[in-house]
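Colleague: One structure, as structure tokens, below. Some questions next.
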Amino acid sequence: MRTVKVSLFFLLLLLLSAPLLHLTLKVFREPELQGYYHQTDPPSLTLFSPKKWFSTEFQDQFSTRLTDHTGLRNSLIRVRNQYDYSLFGMIHAKGFIQGKCGYLFEEDYIHEYNGDFFIGKAVIDKKLSRLKNVSDTLRAYNIPLLLVYEPGKASFYPEYIPRRFHPEHRTQTNYDYFVKRSRELAIPFMDMNSYFLKMKDTSRYPLFPRYGMHWSLYAVPVAVDTLSRWIESATGKELPNFSSRYLDTSLTPRGTDNDIGELLNLACPLKPTPGVYPSIVFQKEPVKALSALIIADSYYLNIVEDYGRQLFKRQDYWYYNKKVYPYQNHDPPRYVDKSNLREKLKQYDVVLLMVSEINLHCGFWNFADESFLAFHPEIEDPQIYAIENEIRNDRDWFRFMVNKARVQEKPLEEMIRCDAEFTFNTNNQSKNND
């Protein structure tokens, strides 16, 4: 009995000292945690000063750094995450939730689907009327501007949305009104969201993955083939042909089919789920006839390399109409130079504006406004409208406005307007005081 107690005691000591031993000896290399997090510098006594000590700044900084650099920290976080996920269905990836049957969602998709993010008819009318003007202007230069409404996972799988979101009570949505007004204004657009829904029951393999937030890798060539035919029809020029071969089936999701799953940072893999991974083959010597500007969100990341470089002789991808691909994740990122925007737009053979359901509240990331003003320099938007655009494109600020509108029981459009006016008046008052 004594031997057992001593063994358990030393085993407990070993477990308690394991983080320190690993930090010192680096017994094995831990896999990095997925997602964004700020990596602090190692703890150091050089942070100490009497002033920082008495203000507790030293203690706070040293404690944070010590926690961030604890041995086995990544593994312990994964064990904690696995415990909460397996026993309680809880996940610690901010902004993501688990739906029915283990389907993972980015929560904002659900809010868009329910109508919580509806920015108002007047705002959408203004954005689309300006986009129509730009489309007609570019068409005069024989440059088609093609608008693509990409599919959304919440629209595709409403049956897996958790009950607490009450999807049965959804109201007016950005997607529904954008599509309706685009049709009424005769803007050239493709409703790929509706197209995917029509294929949902007949597709041999999933068009949206269980553990991913984007369209499945199986669905990408389906989307690109449809998009290519539309571009050919709009430009009168032929794009290189490609085919999907050697379908590779797997129960382990790959790439973006598991992009939410990776963010969960679990100790064990998620349950197997079927996926198909096609091999894309282009004709041996494709003739690239078109130069293209693509203003799009992260859905186009699955297209830009494997397809876009083969389809277009020149391809410029403006990530969220803000950053230049492939430098969008650099520190600092490379931003789009929009000086002389009018002439820049006229350099392309086709302009693609692609936006997914989750980003419709951003109003095309100001592209409609910027390009309209580029062709109409005599017009100047009021500063309050610019602040409203800033609110709609700032994720944290916009979410705050959504919650504020809900609490005060006001339309989101009105709430954003009030906050923009307050910000404008506050800024002007600060300038006057200076």
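Lettering and numbering for the structure tokens are positional, with chains as A, B, ... in the shown order, residues counted from 1 in each chain, and ligands counted from 1 in the shown order.
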Got a sec: who's within 7 Å of Lys100 in chain A, counting only C-alpha atoms, leaving out chain neighbours fewer than 4 positions off, as a ChimeraX atom specification?

Modeller: /A:160-162

Colleague: Save out the residues we just selected, N, CA and C atoms, as a PDB file, in the first residue's frame.

Modeller:
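The file below, selection-v8.pdb, is the result:
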```pdb
ATOM      1  N   TYR A 160     -29.838  22.952 -39.700  1.00  0.00           N
ATOM      2  CA  TYR A 160     -28.844  22.657 -38.663  1.00  0.00           C
ATOM      3  C   TYR A 160     -28.566  23.856 -37.752  1.00  0.00           C
ATOM      4  N   ILE A 161     -29.278  24.965 -37.955  1.00  0.00           N
ATOM      5  CA  ILE A 161     -29.102  26.128 -37.095  1.00  0.00           C
ATOM      6  C   ILE A 161     -29.698  25.828 -35.718  1.00  0.00           C
ATOM      7  N   PRO A 162     -28.980  26.113 -34.632  1.00  0.00           N
ATOM      8  CA  PRO A 162     -29.511  25.822 -33.284  1.00  0.00           C
ATOM      9  C   PRO A 162     -30.834  26.536 -33.027  1.00  0.00           C
TER      10      PRO A 162
END
```

Colleague: DSSP on the backbone: which residues in range 267-391 of chain A end up as helix (DSSP H, G or I)? Give the answer as a VMD selection string.

Modeller: chain A and resid 298 to 302 304 to 311 341 to 345 357 to 362 364 to 375 383 to 391

Colleague: Ranking A:Asp108, A:Tyr300, A:Glu32, A:Glu370 by minimum distance to Asn74 in chain A and counting only C-alpha atoms, which one comes first?

Modeller: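 Under the stated criterion, the closest residue is A:Glu32.
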
Colleague: Which one is closest to Ser233 in chain A: A:Val350, A:Ala219, A:Leu197, A:Ala186? Count only C-alpha atoms.

Modeller: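 Ranked by minimum distance to Ser233 in chain A, first place goes to A:Val350.
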
Colleague: Fewer than 2 positions away in the same chain doesn't count, so skip those; otherwise give me all residues within 6 Å of Thr173 in chain A, counting only C-alpha atoms, as number ranges by chain.

Modeller: A: 115, 118, 175-176

Colleague: Mind writing the picked residues with N, CA and C atoms as a compact mmCIF listing (two decimals), in the first residue's frame?

Modeller:
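part.txt, freshly written:
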```
# COMPACT_ATOMS: atom_id res chain seq x y z
N GLY A 115 -31.87 37.96 -40.65
CA GLY A 115 -32.27 39.35 -40.87
C GLY A 115 -31.80 40.30 -39.79
N PHE A 118 -29.82 43.36 -41.24
CA PHE A 118 -30.40 44.11 -42.36
C PHE A 118 -30.10 45.60 -42.21
N TYR A 175 -29.69 39.71 -48.19
CA TYR A 175 -29.61 38.90 -49.41
C TYR A 175 -30.88 39.01 -50.24
N ASP A 176 -32.02 38.82 -49.62
CA ASP A 176 -33.29 38.87 -50.36
C ASP A 176 -33.49 40.22 -51.03
```

Colleague: Can you list, as a VMD selection string, every protein, DNA or RNA residue that comes within 9 Å of Thr235 in chain A when you count only C-alpha atoms, leaving out same-chain residues fewer than 4 positions away?

Modeller: chain A and resid 142 to 144 230 to 231 290 349 to 350

Colleague: Taking the chain letters and numbering used in this document, name the residues of range 176-243 of chain A that DSSP puts in strand (DSSP E), as a PyMOL selection string.

Modeller: chain A and resi 189-191+242-243

Colleague: Produce a file of the selected residues containing N, CA and C atoms, as a JSON list (two decimals), in the first residue's frame.

Modeller:
```
[["chain", "number", "residue", "atom", "x", "y", "z"],
["A", 189, "PHE", "N", -26.11, 40.13, -62.76],
["A", 189, "PHE", "CA", -25.71, 39.45, -61.54],
["A", 189, "PHE", "C", -26.02, 37.95, -61.65],
["A", 190, "MET", "N", -25.30, 37.20, -60.83],
["A", 190, "MET", "CA", -25.53, 35.75, -60.73],
["A", 190, "MET", "C", -25.84, 35.41, -59.28],
["A", 191, "ASP", "N", -26.98, 34.79, -59.07],
["A", 191, "ASP", "CA", -27.39, 34.38, -57.74],
["A", 191, "ASP", "C", -26.92, 32.95, -57.50],
["A", 242, "PHE", "N", -11.35, 23.42, -68.54],
["A", 242, "PHE", "CA", -10.74, 22.54, -67.55],
["A", 242, "PHE", "C", -11.72, 21.42, -67.24],
["A", 243, "SER", "N", -11.19, 20.36, -66.64],
["A", 243, "SER", "CA", -12.03, 19.23, -66.26],
["A", 243, "SER", "C", -11.60, 18.74, -64.89]]
```

Colleague: So that I can check the surroundings of Ile260 in chain A, please list as a PyMOL selection string every protein, DNA and RNA residue that reaches within 9 Å of it, counting only C-alpha atoms and ignoring chain neighbours fewer than 3 positions away.

Modeller: chain A and resi 93+96+104-106+211-213+256-257+263-264

Colleague: Which is closer to Ser244 in chain A than all the others in A:Gln347, A:Ser279, A:Asn133, A:Ser86, using only C-alpha atoms?

Modeller: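 For Ser244 in chain A, the nearest of the candidates is A:Ser279.
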
Colleague: In Å, with one decimal, what is the gap from CA of Ser250 in chain A to CA of Asn81 in chain A?

Modeller: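 Atom-to-atom, CA of Ser250 in chain A to CA of Asn81 in chain A, that is 25.3 Å.
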
Colleague: In terms of the shortest atom-to-atom distance over only C-alpha atoms, which of A:Lys237, A:His361, A:His169, A:Arg210 is closest to Leu251 in chain A?

Modeller: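 Smallest distance to Leu251 in chain A is found for A:Arg210.
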
Colleague: Taking only C-alpha atoms into account, which of A:Ile358, A:Leu87, A:Leu227, A:Leu270 comes nearest Gly102 in chain A?

Modeller: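 Closest candidate: A:Leu270.
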
Colleague: Near range 201-206 of chain A, counting only C-alpha atoms, which residues have an atom at most 12 Å away, once you skip same-chain residues fewer than 5 positions from it, shown as an mmCIF file with C-alpha atoms, in the first residue's frame?

Modeller:
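Result file selection.cif:
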```
data_model
loop_
_atom_site.group_PDB
_atom_site.id
_atom_site.type_symbol
_atom_site.label_atom_id
_atom_site.label_comp_id
_atom_site.auth_asym_id
_atom_site.auth_seq_id
_atom_site.Cartn_x
_atom_site.Cartn_y
_atom_site.Cartn_z
ATOM 1 C CA LYS A 153 -23.804 28.126 -45.194
ATOM 2 C CA PHE A 156 -27.790 26.228 -47.359
ATOM 3 C CA TYR A 157 -28.227 24.411 -44.030
ATOM 4 C CA TYR A 195 -28.114 27.976 -57.691
ATOM 5 C CA PHE A 196 -26.491 25.973 -54.897
ATOM 6 C CA TYR A 211 -16.676 21.642 -40.480
ATOM 7 C CA GLY A 212 -15.945 24.480 -42.905
ATOM 8 C CA HIS A 214 -16.771 28.253 -47.217
ATOM 9 C CA TRP A 215 -18.110 26.238 -50.125
ATOM 10 C CA SER A 216 -16.598 22.759 -50.229
ATOM 11 C CA LEU A 217 -13.557 22.003 -52.337
ATOM 12 C CA TYR A 218 -15.804 19.691 -54.350
ATOM 13 C CA ALA A 219 -18.135 22.632 -55.083
ATOM 14 C CA VAL A 220 -15.407 25.047 -56.190
ATOM 15 C CA VAL A 222 -18.782 23.591 -60.085
ATOM 16 C CA LEU A 247 -12.085 12.241 -57.508
ATOM 17 C CA ASP A 248 -10.451 11.412 -54.193
ATOM 18 C CA THR A 249 -12.945 10.577 -51.450
ATOM 19 C CA SER A 250 -11.957 10.941 -47.822
ATOM 20 C CA PRO A 253 -11.720 16.885 -44.203
ATOM 21 C CA ASP A 257 -13.317 21.968 -45.655
ATOM 22 C CA THR A 273 -17.286 13.264 -42.421
ATOM 23 C CA PRO A 274 -17.377 12.514 -46.167
ATOM 24 C CA GLY A 275 -15.582 14.825 -48.571
ATOM 25 C CA VAL A 276 -14.450 14.688 -52.190
ATOM 26 C CA TYR A 277 -11.324 16.314 -53.565
ATOM 27 C CA PRO A 278 -11.137 16.604 -57.347
#
```
